[in-house]
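Following: one structure in structure tokens, then a few remarks.
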Amino acid sequence: MNRQELDRHLQNNSAPRAMALFGESHFLIDRYAHRLAQIEGASVLSLYHDEYDFNTAKAHLSQGSLFGDQNLLIVKHEKKLPKAELDTLIELVGKNPDNTFIYCYYGEDVKGADAAFKGSHAGSVRLFHPYANEAKAIILQEASLIGLQIDHQAAVHLLNAHNNDLSLACNELSKLAILGKTITIKEIDEHVFGLSEIKLDHFIAQVIEKKPILESLRHLLESGEEEIRILTSLSGFLTQLYLFNTAIKLHGVADSALVLGYKLPGFIEKERASMSIKISPEGYKKGLNLLLDTELKMKSTGSPDQESLLLSALLKLQTIL
């Protein structure tokens, strides 16, 4: 089925009890999983990524409820689960009308991701990145759910501030709600700092990838960024890459949920994983020590020429990595 059909099912409370959600938009996968999981009084078992164990999942759907409640199983994974295991879990849903199974697949290879989800009690939806008007409508809907009034232009402006990342934009809504008034472009400009962060992240990536940085650094400083903030942001980014590097070595996969505690958009996760494996352990050690030493100099010497200290550190860092 498509997303519009799933919306109708949710509205009519007729969604299949075994659902596979997959595709390009991790935000929509999580959003629809949350909506499907709204089952009052359900006994819920959530297995995320490496927590997944087939026997545990099977036991949860096999158990009877003493109080007549439903058993809800939620599995979120970046790897495809074996079809035989999915067949068994879906069969258990078919045998017991009190069972519900939601499978969220975050991998890029979507071919066959929903192969097991056939039959009258099963269904699947591939969730693409929404078009601009759809994204704006989602922002307005999410705002309405928390009682926040935001005009259409402000919703578009908020999306633009976060490079059309719905997850980041929606996260801002609860912060904006604290203002207790209708949100316009003015409030977005005053309280949301997405564009600045995106520019800084782009510059940091240029440093890590050893690209020319003088022109970008000049633009950053002219836009009001402080040298010490650029340096500490770079330290944090390099530390994050080291954690990705370690996760890949330990688990064989770069899972941002494990590394950061939250799921990054797929293309960002892939980009950071790719950068992380290009740096050696010695490179991480020398690079972080250089940045920490430079930060100490900036804070302790009181040198007025912070820009020279920063530029020198950045150029040295590019030779180390």
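Each chain in the structure tokens gets a letter, A, B, ..., in the order shown, and its residues are numbered from 1; ligands are numbered from 1 in order too.
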
- Considering only C-alpha atoms, return as an MDAnalysis selection string whatever protein or nucleic-acid residues lie within 10 Å of region 156-167 of chain A, sequence-local ones (same chain, fewer than 5 positions apart) excluded. chainID A and resid 25:28 30:31 129:133 135:140 151 172:173 184:189 192:198 263:265

- Task: Give the strand (DSSP E or B) residues of region 47-289 of chain A, as assigned by DSSP on the backbone, as a PyMOL selection string.
- Result: chain A and resi 47-48+71-77+99-105+122-126+150+183

From a DSSP calculation on the backbone, collect every residue of region 55-106 of chain A in helix (DSSP H, G or I) and output the set as a PDB file with C-alpha atoms, in the first residue's frame.
ATOM      1  CA  ASN A  55      13.404 -16.385  20.236  1.00  0.00           C
ATOM      2  CA  THR A  56      12.547 -13.426  22.471  1.00  0.00           C
ATOM      3  CA  ALA A  57      10.333 -11.902  19.785  1.00  0.00           C
ATOM      4  CA  LYS A  58       8.632 -15.245  19.113  1.00  0.00           C
ATOM      5  CA  ALA A  59       8.014 -15.864  22.828  1.00  0.00           C
ATOM      6  CA  HIS A  60       6.350 -12.464  23.199  1.00  0.00           C
ATOM      7  CA  LEU A  61       3.833 -13.158  20.428  1.00  0.00           C
ATOM      8  CA  SER A  62       3.324 -16.740  21.625  1.00  0.00           C
ATOM      9  CA  LYS A  83      12.479 -14.112   5.888  1.00  0.00           C
ATOM     10  CA  ALA A  84      11.921 -17.385   7.752  1.00  0.00           C
ATOM     11  CA  GLU A  85      11.894 -15.509  11.065  1.00  0.00           C
ATOM     12  CA  LEU A  86       9.540 -12.855   9.712  1.00  0.00           C
ATOM     13  CA  ASP A  87       7.253 -15.596   8.345  1.00  0.00           C
ATOM     14  CA  THR A  88       7.021 -17.137  11.802  1.00  0.00           C
ATOM     15  CA  LEU A  89       6.298 -13.837  13.555  1.00  0.00           C
ATOM     16  CA  ILE A  90       3.658 -12.896  10.981  1.00  0.00           C
ATOM     17  CA  GLU A  91       2.085 -16.342  11.294  1.00  0.00           C
ATOM     18  CA  LEU A  92       1.776 -15.829  15.058  1.00  0.00           C
ATOM     19  CA  VAL A  93       0.005 -12.529  14.391  1.00  0.00           C
ATOM     20  CA  GLY A  94      -2.401 -14.304  12.058  1.00  0.00           C
ATOM     21  CA  LYS A  95      -3.191 -16.974  14.634  1.00  0.00           C
TER      22      LYS A  95
END

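Residues within 9 Å of Leu238 (chain A), counting only C-alpha atoms and excluding same-chain residues fewer than 2 positions away, are Ile208, Ser233, Leu234, Ser235, Gly236, Gln240, Leu241, Tyr242, Leu243, Ser276, Tyr284, Gly287 and Leu288 of chain A.
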
- Message: Which residues are close to Gln318 (chain A), i.e. within 7 Å by only C-alpha atoms, leaving aside same-chain residues fewer than 4 positions away? Reply as JSON, numbers by chain.
- Response: {"A": [207, 208, 210, 314]}

- CA of Tyr103 (chain A) to CA of Leu260 (chain A): how many Å, to one decimal?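 For CA of Tyr103 (chain A) relative to CA of Leu260 (chain A), the distance reads 22.1 Å.
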
- Item | From A:Asp114, A:Glu40, A:Glu295, A:Glu190, residue lying nearest Ile228 (chain A) [only C-alpha atoms] | A:Glu295

- Which residue out of A:Arg35, A:Lys297, A:Arg17, A:His77 has the minimum interatomic distance to Val253 (chain A) when only C-alpha atoms are used?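 Answer, going by the shortest atom-to-atom distance: A:His77.
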
- Between CA of Lys270 (chain A) and CA of Leu258 (chain A), distance in Å (one decimal):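 Between CA of Lys270 (chain A) and CA of Leu258 (chain A) the gap is 14.2 Å.
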
- Task: Can you pull out every residue within 9 Å of Cys104 (chain A), counting only C-alpha atoms, but drop anything in the same chain fewer than 4 positions away, and send it as a ChimeraX atom specification?
- Result: /A:19-22,29-30,33,74-78

- Best match for closeness to Glu227 (chain A) among A:Leu72, A:Leu36, A:Met298, A:Ala115, counting only C-alpha atoms: A:Met298

- Message: Nearest residue to Val259 (chain A) out of A:Phe244, A:Gly147, A:Gly119, A:Arg272, using only C-alpha atoms?
- Response: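 Closest residue, counting only C-alpha atoms: A:Phe244.
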